[in-house]
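Reading through the structure tokens given below for one structure.
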Amino acid sequence: MKKIIKLLTCLTCLVMVFSALACNTQNTPGDQQQTEPVVDTIAGFELPHGSGIADKDYEYDYNSNLFYRNEPRIDGPDPGALYVSVDDIRQSYEYYRDSFKYTKDDGTMDWIDGWDQETFEAEHGTEQDWIDQYGNMYYVTVTSHGNTTSATNAKYNANMGGYRMYSSRDFVNWEITGLVDGFAIAVNTSTDWCSGLFWAPEFIRDPETGMYFMFYGAQFNTTRGGQAGQTYPSYQSEHDTWNIRGDVAISPTPQGPYRPISAEQYLSLYAGKTQDGDFLTGTEPIVDKVTGVTYYEVYGRDGETVIGYRNGNQYYNLDGVEKTTDVPLINAGYFYTRYCTNEKKKSEFRQTALRRDIAGAENYQTEILDLNPIIDEYGDLYCYFTMDPHGSGAFGNYYGIYVMKMKDFLTPDWDTLRYVCRVGYTYVQPDEDSLYGTPMEPTTFNEGGVNEGCNVIFHEGRYYMTYSYFGYTDVRYSIGIAVSDSAYGPFVKQYQYMPVIGKGTEYNNYKGGTGHHCFVRSGDELFILYHSTNNPENNYDNNNNYLGRHLAIDRAVWKHVDDLGYDMLFGNGATVNLQPKVESYTGYENVAKYATITANGDVGDVEYLNDGLFTAQPFSRIFEYGKSDGDLRITLTWDEPVTIRALMVYNSGSYYTAFNKVNSIRFKLAERPAWYMPEAYNGYCYIQNLMVDSRDVENSERVMHHGSAAIAEFNEIKVSEIQIVISGEKEDKYTDQSADFSVFEGYKEVHVSDIYIFGNRD
């Protein structure tokens, strides 16, 4: 349980320790005499500070405005999350407002009949209302669903809600904010296709328009399917374990309520309008090649781009599918053989997927879940998802991760569907005439029979797929990584850099089951939000009941790896100790990354000290910096002084090179702090013997917890230089033995993995 302490404001009441204040006379060139303070490791006044160390009951005294711990705050698995800035919500408001306008002949926009600014604001709010409610906010949804109250049903025509929704300003403390009795998606089981098992949601914001979309998988409504024209069956199949299909939900605001997408709703937001509010529509009839239906083009706001079709009150996507709330959009079992134009691929799919038992129908059993939409730097929209074709034919069961390009948020491009990640293989080699490609390089790396729950990030020309391996009930459920030059693969698994977040090869009794995850960008920071088991070692009680999961968050860092020739994604975690809160909330950035660093070490490169990466796994410890014979001295300097509020000196990830305290930290002040009252002042202050929390180490297992650090929090000071000294002596380390036991005593090597300094540049 956390305890929040007050900021250090009453410094005049504290006892100041002054040492090394005397000025020495030193000889300088030209025999000129000048007085300078003695500045080695200690000088000036002792800086009052807090250290955030846990007491014997594992309670923490720390400033929760700056730090957080991964304590259970949200129960629920499979998080989808999104950060919405003030600029984001301003754009969303403007685009939504303009959907109630039409373009006049002179190119300007005016309100459609029946609407004006006052009417719009009365019904939908002002721009400032949206900024206050939605801006600078983090949103998260988790796997869950429930029935609604009669009042909510009357308001939203929804007797069920999907995905518990939370929001937060600090990305740590969450409030339930879903408008559908706490849920994000509003569902009417009498008219909509889904009726339960709302699993693994993912948010995405359209950067062109600011509209919000949720890609999700849910159980289809077995009481309504199986009729003529339906895209899903009416019964529970022994081969269709969960009856889950994929779809998209849409909302003009991040908070929702989201609704299963329909072509009519999508076109109402994206289409150009006439003065009476009708869609801009073509006059030439078009006959659909698949269905034979006649319809007319619907144009976007530019009056030229075709964004869908209509025929009276019937609305269609770019494939000519009449997309209503009763149709799961991402359903390969129904749509693939109808809209893929490659006959070889369709034949392959027919042999692999299990046929649904309806005479004459091209309908197949394909579970689809864990949908992950991305928009890359080229502006292309893709959807990755887990699919199980339930195959037992000549091609085998191609369970795993697939990708498909989207023509827009309403239309999958079924020609692009490809298999990209298979359990037990390093990669899948794409083939233009094969849906499944060729699995390559069988591996002995134990993935527990699972590849699912992926997230793909585009970074400097490459696509990085993080995915979940082992089953979700296993505490070894962790995050793997594969890299490709193309959105379609091949995604080559990088086993030597796995897990990104997870138990790994070392003892870990504090975080388990960290597989299903998502990424959230906030400014320059990248975070991994993931679920973890409530018991990290055995998540079952004595009656074999599963104990559930909760949400956790840690930073992710890009780091160039020479052996690869490109950046690799590393996770700063999983952690249970204090970490810096998101910078959008604290108001401080990590100013260590702007410092020039000099040091006397002989292990690693000095640049590792401010690269943002602390070493959570053995494979990342090549990025630590240290000194083989102890007495490590690190100096950070800034060309222009910085104002700082706290710092963290991250420990080595290895028990054998970790320190139990920082011996001294000396600050060269750029100006006298306003809160410092005593007359004696020589421009320096210091901290001595800054301890590492004893709970950060498992001495019996000789393992450090991920993200261990010596922490100091203090009132603001303005500095131009900081010097850090770590001795490496036996009493200042956990052990004076070496990892290979070649040295049994007197081993002084000591490492630092990163330095984080809360501050602001003036």
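For the structure tokens, the naming scheme is as follows: chains receive sequential letters (A, B, ...) according to their order of presentation, residues are indexed from 1 within each chain, and ligands are indexed from 1 in presentation order.
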
Hey, what's within 12 Å of Asp87 of chain A if we count only C-alpha atoms and toss same-chain stuff fewer than 3 positions away? As number ranges by chain, please?
A: 83-84, 90-94, 127-128, 130-132, 134-137, 207, 210, 523

Just-selected residues, all heavy atoms written as a compact mmCIF listing (two decimals), in the first residue's frame:
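Saved to again28.txt:
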# COMPACT_ATOMS: atom_id res chain seq x y z
N TYR A 83 -3.57 7.22 -25.85
CA TYR A 83 -3.38 8.55 -25.27
C TYR A 83 -3.96 9.57 -26.22
O TYR A 83 -3.70 9.53 -27.44
CB TYR A 83 -1.90 8.84 -25.02
CG TYR A 83 -1.64 10.27 -24.60
CD1 TYR A 83 -2.12 10.76 -23.38
CD2 TYR A 83 -0.94 11.15 -25.43
CE1 TYR A 83 -1.89 12.07 -22.99
CE2 TYR A 83 -0.70 12.47 -25.03
CZ TYR A 83 -1.17 12.92 -23.82
OH TYR A 83 -0.96 14.22 -23.44
N VAL A 84 -4.73 10.52 -25.70
CA VAL A 84 -5.36 11.55 -26.50
C VAL A 84 -4.87 12.91 -26.00
O VAL A 84 -5.13 13.29 -24.85
CB VAL A 84 -6.90 11.47 -26.42
CG1 VAL A 84 -7.53 12.60 -27.23
CG2 VAL A 84 -7.38 10.11 -26.92
N ARG A 90 -8.91 18.39 -30.26
CA ARG A 90 -9.34 19.57 -31.00
C ARG A 90 -9.62 19.20 -32.46
O ARG A 90 -10.63 19.63 -33.04
CB ARG A 90 -8.27 20.66 -30.91
CG ARG A 90 -8.68 21.96 -31.58
CD ARG A 90 -7.62 23.03 -31.41
NE ARG A 90 -7.60 23.56 -30.04
CZ ARG A 90 -6.60 23.41 -29.20
NH1 ARG A 90 -5.51 22.73 -29.57
NH2 ARG A 90 -6.66 23.93 -28.00
N GLN A 91 -8.74 18.40 -33.06
CA GLN A 91 -8.98 17.96 -34.43
C GLN A 91 -10.23 17.09 -34.52
O GLN A 91 -11.02 17.22 -35.47
CB GLN A 91 -7.78 17.17 -34.96
CG GLN A 91 -7.93 16.71 -36.40
CD GLN A 91 -7.01 15.57 -36.77
OE1 GLN A 91 -6.61 14.79 -35.90
NE2 GLN A 91 -6.67 15.46 -38.05
N SER A 92 -10.42 16.20 -33.55
CA SER A 92 -11.60 15.34 -33.55
C SER A 92 -12.88 16.17 -33.51
O SER A 92 -13.85 15.88 -34.22
CB SER A 92 -11.56 14.39 -32.35
OG SER A 92 -10.42 13.58 -32.37
N TYR A 93 -12.87 17.19 -32.68
CA TYR A 93 -14.05 18.05 -32.55
C TYR A 93 -14.35 18.75 -33.87
O TYR A 93 -15.50 18.78 -34.34
CB TYR A 93 -13.82 19.07 -31.44
CG TYR A 93 -15.01 19.99 -31.21
CD1 TYR A 93 -16.01 19.62 -30.33
CD2 TYR A 93 -15.13 21.21 -31.88
CE1 TYR A 93 -17.11 20.46 -30.11
CE2 TYR A 93 -16.21 22.04 -31.67
CZ TYR A 93 -17.21 21.66 -30.79
OH TYR A 93 -18.29 22.47 -30.57
N GLU A 94 -13.31 19.31 -34.48
CA GLU A 94 -13.52 20.07 -35.71
C GLU A 94 -14.03 19.18 -36.84
O GLU A 94 -14.92 19.57 -37.60
CB GLU A 94 -12.21 20.75 -36.12
CG GLU A 94 -11.79 21.86 -35.16
CD GLU A 94 -10.41 22.41 -35.46
OE1 GLU A 94 -9.73 21.85 -36.37
OE2 GLU A 94 -10.00 23.38 -34.80
N GLU A 127 -15.98 23.09 -28.15
CA GLU A 127 -14.62 22.56 -28.29
C GLU A 127 -13.93 22.50 -26.94
O GLU A 127 -13.23 21.53 -26.63
CB GLU A 127 -13.83 23.41 -29.27
CG GLU A 127 -12.41 22.91 -29.51
CD GLU A 127 -11.65 23.76 -30.50
OE1 GLU A 127 -11.78 23.52 -31.71
OE2 GLU A 127 -10.92 24.68 -30.05
N GLN A 128 -14.13 23.53 -26.12
CA GLN A 128 -13.49 23.52 -24.80
C GLN A 128 -14.06 22.42 -23.92
O GLN A 128 -13.33 21.82 -23.12
CB GLN A 128 -13.67 24.88 -24.12
CG GLN A 128 -12.82 25.05 -22.86
CD GLN A 128 -11.33 24.90 -23.15
OE1 GLN A 128 -10.80 25.50 -24.08
NE2 GLN A 128 -10.66 24.08 -22.35
N TRP A 130 -14.95 19.49 -24.94
CA TRP A 130 -14.25 18.28 -25.37
C TRP A 130 -12.82 18.26 -24.84
O TRP A 130 -12.34 17.22 -24.40
CB TRP A 130 -14.26 18.19 -26.90
CG TRP A 130 -15.55 17.70 -27.49
CD1 TRP A 130 -16.81 18.02 -27.07
CD2 TRP A 130 -15.71 16.81 -28.59
NE1 TRP A 130 -17.74 17.40 -27.85
CE2 TRP A 130 -17.10 16.65 -28.79
CE3 TRP A 130 -14.83 16.15 -29.43
CZ2 TRP A 130 -17.61 15.83 -29.80
CZ3 TRP A 130 -15.32 15.34 -30.44
CH2 TRP A 130 -16.71 15.18 -30.62
N ILE A 131 -12.16 19.40 -24.91
CA ILE A 131 -10.77 19.46 -24.41
C ILE A 131 -10.74 19.13 -22.92
O ILE A 131 -9.90 18.34 -22.46
CB ILE A 131 -10.17 20.84 -24.68
CG1 ILE A 131 -9.93 21.02 -26.19
CG2 ILE A 131 -8.86 21.03 -23.92
CD1 ILE A 131 -9.52 22.42 -26.58
N ASP A 132 -11.66 19.70 -22.16
CA ASP A 132 -11.69 19.47 -20.72
C ASP A 132 -12.01 18.02 -20.39
O ASP A 132 -11.46 17.45 -19.44
CB ASP A 132 -12.72 20.39 -20.06
CG ASP A 132 -12.32 21.86 -20.13
OD1 ASP A 132 -11.14 22.14 -20.38
OD2 ASP A 132 -13.22 22.71 -19.96
N TYR A 134 -11.87 15.19 -22.59
CA TYR A 134 -11.16 14.12 -23.26
C TYR A 134 -9.66 14.36 -23.44
O TYR A 134 -8.91 13.42 -23.66
CB TYR A 134 -11.75 13.87 -24.65
CG TYR A 134 -13.25 13.68 -24.69
CD1 TYR A 134 -14.06 14.53 -25.46
CD2 TYR A 134 -13.86 12.66 -23.98
CE1 TYR A 134 -15.43 14.35 -25.52
CE2 TYR A 134 -15.24 12.48 -24.03
CZ TYR A 134 -16.02 13.33 -24.79
OH TYR A 134 -17.37 13.16 -24.84
N GLY A 135 -9.23 15.61 -23.41
CA GLY A 135 -7.85 15.93 -23.77
C GLY A 135 -6.85 15.61 -22.68
O GLY A 135 -7.17 15.63 -21.49
N ASN A 136 -5.61 15.33 -23.10
CA ASN A 136 -4.53 14.95 -22.19
C ASN A 136 -4.97 13.82 -21.27
O ASN A 136 -4.79 13.87 -20.06
CB ASN A 136 -4.05 16.16 -21.37
CG ASN A 136 -2.74 15.91 -20.69
OD1 ASN A 136 -1.94 15.08 -21.12
ND2 ASN A 136 -2.50 16.61 -19.59
N MET A 137 -5.53 12.80 -21.89
CA MET A 137 -6.12 11.70 -21.14
C MET A 137 -5.67 10.36 -21.73
O MET A 137 -5.52 10.22 -22.94
CB MET A 137 -7.65 11.79 -21.20
CG MET A 137 -8.38 10.79 -20.32
SD MET A 137 -8.35 11.26 -18.57
CE MET A 137 -9.60 12.57 -18.58
N PRO A 207 -5.57 9.42 -37.91
CA PRO A 207 -4.82 10.69 -37.83
C PRO A 207 -5.28 11.73 -38.84
O PRO A 207 -5.01 12.91 -38.66
CB PRO A 207 -3.37 10.25 -38.12
CG PRO A 207 -3.51 9.00 -38.92
CD PRO A 207 -4.73 8.32 -38.41
N GLY A 210 -9.28 12.26 -36.93
CA GLY A 210 -9.47 12.29 -35.49
C GLY A 210 -10.59 11.40 -35.01
O GLY A 210 -10.92 11.41 -33.82
N GLY A 523 3.98 11.77 -26.33
CA GLY A 523 5.14 12.60 -26.65
C GLY A 523 6.27 11.73 -27.16
O GLY A 523 6.10 10.93 -28.08

Contact residues around segment 560-565 of chain A with only C-alpha atoms at 12 Å, ignoring same-chain residues under 6 positions, as a JSON list (two decimals) with C-alpha atoms, in the first residue's frame:
[["chain", "number", "residue", "atom", "x", "y", "z"],
["A", 459, "HIS", "CA", 10.05, 2.22, -36.57],
["A", 460, "GLU", "CA", 12.66, 3.62, -38.95],
["A", 483, "VAL", "CA", 11.17, -7.96, -37.18],
["A", 492, "VAL", "CA", 11.95, -13.03, -38.20],
["A", 494, "GLN", "CA", 14.59, -12.52, -32.46],
["A", 496, "GLN", "CA", 18.09, -13.75, -28.41],
["A", 497, "TYR", "CA", 16.17, -10.59, -27.38],
["A", 607, "GLU", "CA", 26.56, 6.58, -23.73],
["A", 608, "TYR", "CA", 24.72, 3.71, -22.05],
["A", 611, "ASP", "CA", 20.11, 5.99, -23.34],
["A", 613, "LEU", "CA", 17.42, 1.70, -21.06],
["A", 619, "PHE", "CA", 20.85, -10.17, -22.96],
["A", 620, "SER", "CA", 20.61, -6.40, -22.44],
["A", 622, "ILE", "CA", 25.93, -5.48, -22.63],
["A", 623, "PHE", "CA", 24.48, -1.95, -22.39]]

Contact residues around segment 247-259 of chain A with only C-alpha atoms at 9 Å, ignoring same-chain residues under 4 positions, as a PyMOL selection string
chain A and resi 82+84+89+92-93+95-96+130+134+139+156+165-167+177-180+183-187+203+205+210-218+265-266+269+325+327-331+371+409-410

Please tabulate, as CSV, the residues of segment 716-752 of chain A that come within 12 Å of segment 677-695 of chain A, each with its closest pair of atoms and the distance in Å to one decimal, counting only C-alpha atoms and ordering rows by chain, then residue number upward.
residue,atom,partner,partner_atom,distance
A:Ile717,CA,A:Cys685,CA,9.7
A:Lys718,CA,A:Gly683,CA,10.5
A:Val719,CA,A:Tyr684,CA,9.1
A:Ser720,CA,A:Tyr684,CA,10.5
A:Glu721,CA,A:Tyr684,CA,9.7
A:Ile722,CA,A:Tyr686,CA,9.3
A:Gln723,CA,A:Tyr686,CA,9.3
A:Ile724,CA,A:Ile687,CA,9.6
A:Val725,CA,A:Gln688,CA,9.6
A:Ile726,CA,A:Asn689,CA,9.4
A:Ser727,CA,A:Asn689,CA,10.6
A:Glu731,CA,A:Asn689,CA,11.5
A:Asp732,CA,A:Asn689,CA,9.2
A:Lys733,CA,A:Val692,CA,10.2
A:Tyr734,CA,A:Ser694,CA,10.0

Could you give me, as a ChimeraX atom specification, the residues within 12 Å of Thr586 of chain A, counting only C-alpha atoms and dropping anything in the same chain fewer than 2 positions from it?
/A:63-68,169-172,580-584,588-590,645-646,758-760

Using only C-alpha atoms, pick whichever of A:Tyr425, A:Phe279, A:Tyr488, A:Tyr399 has the shortest atom-to-atom distance to Tyr382 of chain A.
A:Tyr488

In segment 297-420 of chain A, DSSP helix (DSSP H, G or I) residues written as a list of chain:residue names:
A:Ala332, A:Gly333, A:Tyr334, A:Phe335, A:Tyr336, A:Thr337, A:Arg338, A:Tyr339, A:Glu343, A:Lys344, A:Lys345, A:Lys346, A:Ser347, A:Glu348, A:Phe349, A:Arg350, A:Gln351, A:Thr352, A:Trp414, A:Asp415, A:Thr416

Keeping C-alpha atoms, export the residues of the selection given above as a PDB file, in the first residue's frame.
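Listing of selection.pdb after writing:
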ATOM      1  CA  ALA A 332     -12.285 -14.779 -43.136  1.00  0.00           C
ATOM      2  CA  GLY A 333     -14.474 -17.865 -42.991  1.00  0.00           C
ATOM      3  CA  TYR A 334     -17.228 -16.051 -44.841  1.00  0.00           C
ATOM      4  CA  PHE A 335     -15.565 -13.285 -46.862  1.00  0.00           C
ATOM      5  CA  TYR A 336     -12.249 -14.768 -47.997  1.00  0.00           C
ATOM      6  CA  THR A 337     -13.580 -17.127 -50.661  1.00  0.00           C
ATOM      7  CA  ARG A 338     -15.918 -14.403 -51.894  1.00  0.00           C
ATOM      8  CA  TYR A 339     -13.576 -11.410 -52.139  1.00  0.00           C
ATOM      9  CA  GLU A 343      -7.946 -18.829 -57.017  1.00  0.00           C
ATOM     10  CA  LYS A 344      -4.913 -20.743 -55.697  1.00  0.00           C
ATOM     11  CA  LYS A 345      -5.176 -19.047 -52.335  1.00  0.00           C
ATOM     12  CA  LYS A 346      -8.902 -19.676 -52.129  1.00  0.00           C
ATOM     13  CA  SER A 347      -8.412 -23.339 -52.979  1.00  0.00           C
ATOM     14  CA  GLU A 348      -5.741 -23.605 -50.283  1.00  0.00           C
ATOM     15  CA  PHE A 349      -8.076 -21.997 -47.767  1.00  0.00           C
ATOM     16  CA  ARG A 350     -10.915 -24.368 -48.658  1.00  0.00           C
ATOM     17  CA  GLN A 351      -8.674 -27.374 -48.027  1.00  0.00           C
ATOM     18  CA  THR A 352      -7.430 -25.997 -44.715  1.00  0.00           C
ATOM     19  CA  TRP A 414      -8.933  -9.784 -48.620  1.00  0.00           C
ATOM     20  CA  ASP A 415      -6.403 -10.200 -51.437  1.00  0.00           C
ATOM     21  CA  THR A 416      -3.668  -9.161 -48.974  1.00  0.00           C
TER      22      THR A 416
END

Residues of segment 367-494 of chain A in strand (DSSP E or B) according to DSSP, as a VMD selection string?
chain A and resid 367 to 375 381 to 388 400 to 408 411 to 412 418 to 421 425 to 431 434 to 442 452 to 459 462 to 469 478 to 484 492 to 493

Would you kindly return, as a PyMOL selection string, each protein, DNA or RNA residue with an atom no farther than 8 Å from any atom of Trp242 of chain A, considering only C-alpha atoms and excluding same-chain residues fewer than 4 positions away?
chain A and resi 197+219+367

Who sits within 10 Å of Val450 of chain A, only C-alpha atoms, same chain under 3 positions skipped, as a PyMOL selection string
chain A and resi 399-400+422-424+446-447+453+467-472+477

May I have the selected residues written with N, CA, C and O atoms, as a JSON list (two decimals), in the first residue's frame?
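Saved as again.json:
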[["chain", "number", "residue", "atom", "x", "y", "z"],
["A", 399, "TYR", "N", -2.97, -22.31, -37.21],
["A", 399, "TYR", "CA", -3.21, -21.36, -36.13],
["A", 399, "TYR", "C", -2.00, -20.42, -36.02],
["A", 399, "TYR", "O", -0.85, -20.83, -36.15],
["A", 400, "GLY", "N", -2.24, -19.15, -35.74],
["A", 400, "GLY", "CA", -1.16, -18.19, -35.56],
["A", 400, "GLY", "C", -1.62, -16.79, -35.90],
["A", 400, "GLY", "O", -2.81, -16.46, -35.82],
["A", 422, "ARG", "N", 4.08, -18.33, -36.98],
["A", 422, "ARG", "CA", 3.66, -19.68, -36.62],
["A", 422, "ARG", "C", 4.52, -20.21, -35.48],
["A", 422, "ARG", "O", 5.73, -20.03, -35.46],
["A", 423, "VAL", "N", 3.87, -20.88, -34.56],
["A", 423, "VAL", "CA", 4.55, -21.47, -33.41],
["A", 423, "VAL", "C", 5.61, -22.46, -33.88],
["A", 423, "VAL", "O", 5.39, -23.26, -34.79],
["A", 424, "GLY", "N", 6.80, -22.36, -33.27],
["A", 424, "GLY", "CA", 7.84, -23.34, -33.53],
["A", 424, "GLY", "C", 8.70, -23.07, -34.74],
["A", 424, "GLY", "O", 9.60, -23.85, -35.04],
["A", 446, "ASN", "N", 11.14, -22.59, -26.68],
["A", 446, "ASN", "CA", 9.86, -23.04, -26.14],
["A", 446, "ASN", "C", 8.87, -21.87, -26.10],
["A", 446, "ASN", "O", 9.02, -20.94, -25.30],
["A", 447, "GLU", "N", 7.87, -21.94, -26.98],
["A", 447, "GLU", "CA", 6.82, -20.92, -27.00],
["A", 447, "GLU", "C", 5.53, -21.43, -26.38],
["A", 447, "GLU", "O", 4.50, -20.74, -26.45],
["A", 453, "GLY", "N", -1.94, -12.54, -29.63],
["A", 453, "GLY", "CA", -1.92, -11.25, -28.96],
["A", 453, "GLY", "C", -0.80, -10.34, -29.41],
["A", 453, "GLY", "O", -0.04, -9.82, -28.60],
["A", 467, "TYR", "N", 4.64, -10.24, -29.77],
["A", 467, "TYR", "CA", 3.55, -11.21, -29.69],
["A", 467, "TYR", "C", 3.64, -11.96, -28.37],
["A", 467, "TYR", "O", 4.64, -11.86, -27.64],
["A", 468, "SER", "N", 2.60, -12.71, -28.06],
["A", 468, "SER", "CA", 2.53, -13.41, -26.78],
["A", 468, "SER", "C", 2.78, -14.90, -27.00],
["A", 468, "SER", "O", 2.21, -15.50, -27.92],
["A", 469, "TYR", "N", 3.63, -15.46, -26.18],
["A", 469, "TYR", "CA", 3.88, -16.90, -26.24],
["A", 469, "TYR", "C", 3.67, -17.53, -24.86],
["A", 469, "TYR", "O", 3.69, -16.85, -23.85],
["A", 470, "PHE", "N", 3.47, -18.84, -24.85],
["A", 470, "PHE", "CA", 2.87, -19.61, -23.75],
["A", 470, "PHE", "C", 1.39, -19.21, -23.65],
["A", 470, "PHE", "O", 0.98, -18.19, -24.19],
["A", 471, "GLY", "N", 0.60, -19.98, -22.96],
["A", 471, "GLY", "CA", -0.81, -19.69, -22.83],
["A", 471, "GLY", "C", -1.07, -18.63, -21.77],
["A", 471, "GLY", "O", -0.26, -18.43, -20.86],
["A", 472, "TYR", "N", -2.21, -17.96, -21.87],
["A", 472, "TYR", "CA", -2.49, -16.85, -20.95],
["A", 472, "TYR", "C", -2.63, -17.30, -19.50],
["A", 472, "TYR", "O", -2.51, -16.48, -18.58],
["A", 477, "TYR", "N", 3.74, -16.76, -19.66],
["A", 477, "TYR", "CA", 3.14, -15.99, -20.76],
["A", 477, "TYR", "C", 3.91, -14.67, -20.88],
["A", 477, "TYR", "O", 3.89, -13.84, -19.98]]

Would you compute the distance between atom CA of Asn372 of chain A and atom CA of Pro442 of chain A? Give it in Å to one decimal.
25.9 Å

Could you list, as a PDB file with N, CA and C atoms, in the first residue's frame, every residue within 8 Å of Pro79 of chain A, counting only C-alpha atoms and ignoring same-chain residues fewer than 2 positions away?
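New file result-v1.pdb:
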ATOM      1  N   GLY A  76      -8.388  -7.229 -14.858  1.00  0.00           N
ATOM      2  CA  GLY A  76      -8.813  -7.513 -16.219  1.00  0.00           C
ATOM      3  C   GLY A  76      -7.639  -7.744 -17.137  1.00  0.00           C
ATOM      4  N   PRO A  77      -7.840  -8.559 -18.174  1.00  0.00           N
ATOM      5  CA  PRO A  77      -6.761  -8.898 -19.095  1.00  0.00           C
ATOM      6  C   PRO A  77      -6.873  -8.181 -20.436  1.00  0.00           C
ATOM      7  N   ALA A  81      -5.171   0.385 -25.262  1.00  0.00           N
ATOM      8  CA  ALA A  81      -5.015   1.702 -24.644  1.00  0.00           C
ATOM      9  C   ALA A  81      -4.697   2.761 -25.688  1.00  0.00           C
ATOM     10  N   VAL A 140      -8.088   3.122 -21.371  1.00  0.00           N
ATOM     11  CA  VAL A 140      -7.780   1.699 -21.471  1.00  0.00           C
ATOM     12  C   VAL A 140      -9.078   0.912 -21.372  1.00  0.00           C
ATOM     13  N   THR A 141      -9.158  -0.162 -22.157  1.00  0.00           N
ATOM     14  CA  THR A 141     -10.264  -1.097 -22.059  1.00  0.00           C
ATOM     15  C   THR A 141      -9.701  -2.493 -21.864  1.00  0.00           C
ATOM     16  N   VAL A 142     -10.483  -3.365 -21.227  1.00  0.00           N
ATOM     17  CA  VAL A 142     -10.033  -4.730 -20.955  1.00  0.00           C
ATOM     18  C   VAL A 142     -11.139  -5.718 -21.328  1.00  0.00           C
ATOM     19  N   THR A 143     -10.745  -6.952 -21.538  1.00  0.00           N
ATOM     20  CA  THR A 143     -11.689  -8.020 -21.838  1.00  0.00           C
ATOM     21  C   THR A 143     -12.762  -8.104 -20.758  1.00  0.00           C
ATOM     22  N   ALA A 200     -10.050  -8.842 -25.896  1.00  0.00           N
ATOM     23  CA  ALA A 200      -8.842  -8.218 -26.449  1.00  0.00           C
ATOM     24  C   ALA A 200      -9.126  -7.054 -27.394  1.00  0.00           C
ATOM     25  N   PRO A 201      -9.574  -5.910 -26.863  1.00  0.00           N
ATOM     26  CA  PRO A 201      -9.853  -4.739 -27.708  1.00  0.00           C
ATOM     27  C   PRO A 201      -8.582  -3.969 -28.042  1.00  0.00           C
ATOM     28  N   GLU A 202      -8.610  -3.233 -29.136  1.00  0.00           N
ATOM     29  CA  GLU A 202      -7.502  -2.343 -29.507  1.00  0.00           C
ATOM     30  C   GLU A 202      -8.072  -1.031 -30.040  1.00  0.00           C
ATOM     31  N   HIS A 516      -0.087 -10.634 -22.946  1.00  0.00           N
ATOM     32  CA  HIS A 516      -0.953  -9.784 -23.783  1.00  0.00           C
ATOM     33  C   HIS A 516      -0.747  -8.318 -23.413  1.00  0.00           C
ATOM     34  N   HIS A 517      -0.553  -7.493 -24.420  1.00  0.00           N
ATOM     35  CA  HIS A 517      -0.050  -6.143 -24.194  1.00  0.00           C
ATOM     36  C   HIS A 517      -0.477  -5.211 -25.316  1.00  0.00           C
ATOM     37  N   CYS A 518      -0.203  -3.943 -25.126  1.00  0.00           N
ATOM     38  CA  CYS A 518      -0.340  -2.951 -26.191  1.00  0.00           C
ATOM     39  C   CYS A 518       0.678  -1.853 -25.925  1.00  0.00           C
ATOM     40  N   LEU A 529       1.756  -1.443 -22.004  1.00  0.00           N
ATOM     41  CA  LEU A 529       0.712  -1.747 -21.032  1.00  0.00           C
ATOM     42  C   LEU A 529       0.382  -3.224 -21.188  1.00  0.00           C
ATOM     43  N   TYR A 530       0.430  -3.980 -20.101  1.00  0.00           N
ATOM     44  CA  TYR A 530       0.263  -5.418 -20.182  1.00  0.00           C
ATOM     45  C   TYR A 530      -0.482  -5.925 -18.951  1.00  0.00           C
ATOM     46  N   HIS A 531      -1.048  -7.112 -19.067  1.00  0.00           N
ATOM     47  CA  HIS A 531      -1.628  -7.714 -17.866  1.00  0.00           C
ATOM     48  C   HIS A 531      -0.635  -8.681 -17.243  1.00  0.00           C
ATOM     49  N   LEU A 551      -3.550  -5.035 -14.477  1.00  0.00           N
ATOM     50  CA  LEU A 551      -2.762  -4.283 -15.450  1.00  0.00           C
ATOM     51  C   LEU A 551      -1.500  -3.721 -14.842  1.00  0.00           C
TER      52      LEU A 551
END

For each of A:Asp319, A:Asp302, A:Asp567, A:Asp754, take the minimum atom-to-atom distance to Ile597 of chain A, counting only C-alpha atoms, then give the residue where this is smallest.
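Between A:Asp319, A:Asp302, A:Asp567, A:Asp754, the residue approaching Ile597 of chain A most closely is A:Asp754.
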
Quick one: of A:Ala556, A:Tyr756, A:Phe527, A:Gly52, who's nearest to Leu636 of chain A, counting only C-alpha atoms?
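Result for the nearest residue to Leu636 of chain A: A:Tyr756.
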
Atom CA of Glu713 of chain A to atom CA of Asp639 of chain A, distance in Å rounded to a single decimal
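Atom-to-atom, atom CA of Glu713 of chain A and atom CA of Asp639 of chain A are spaced 23.4 Å apart.
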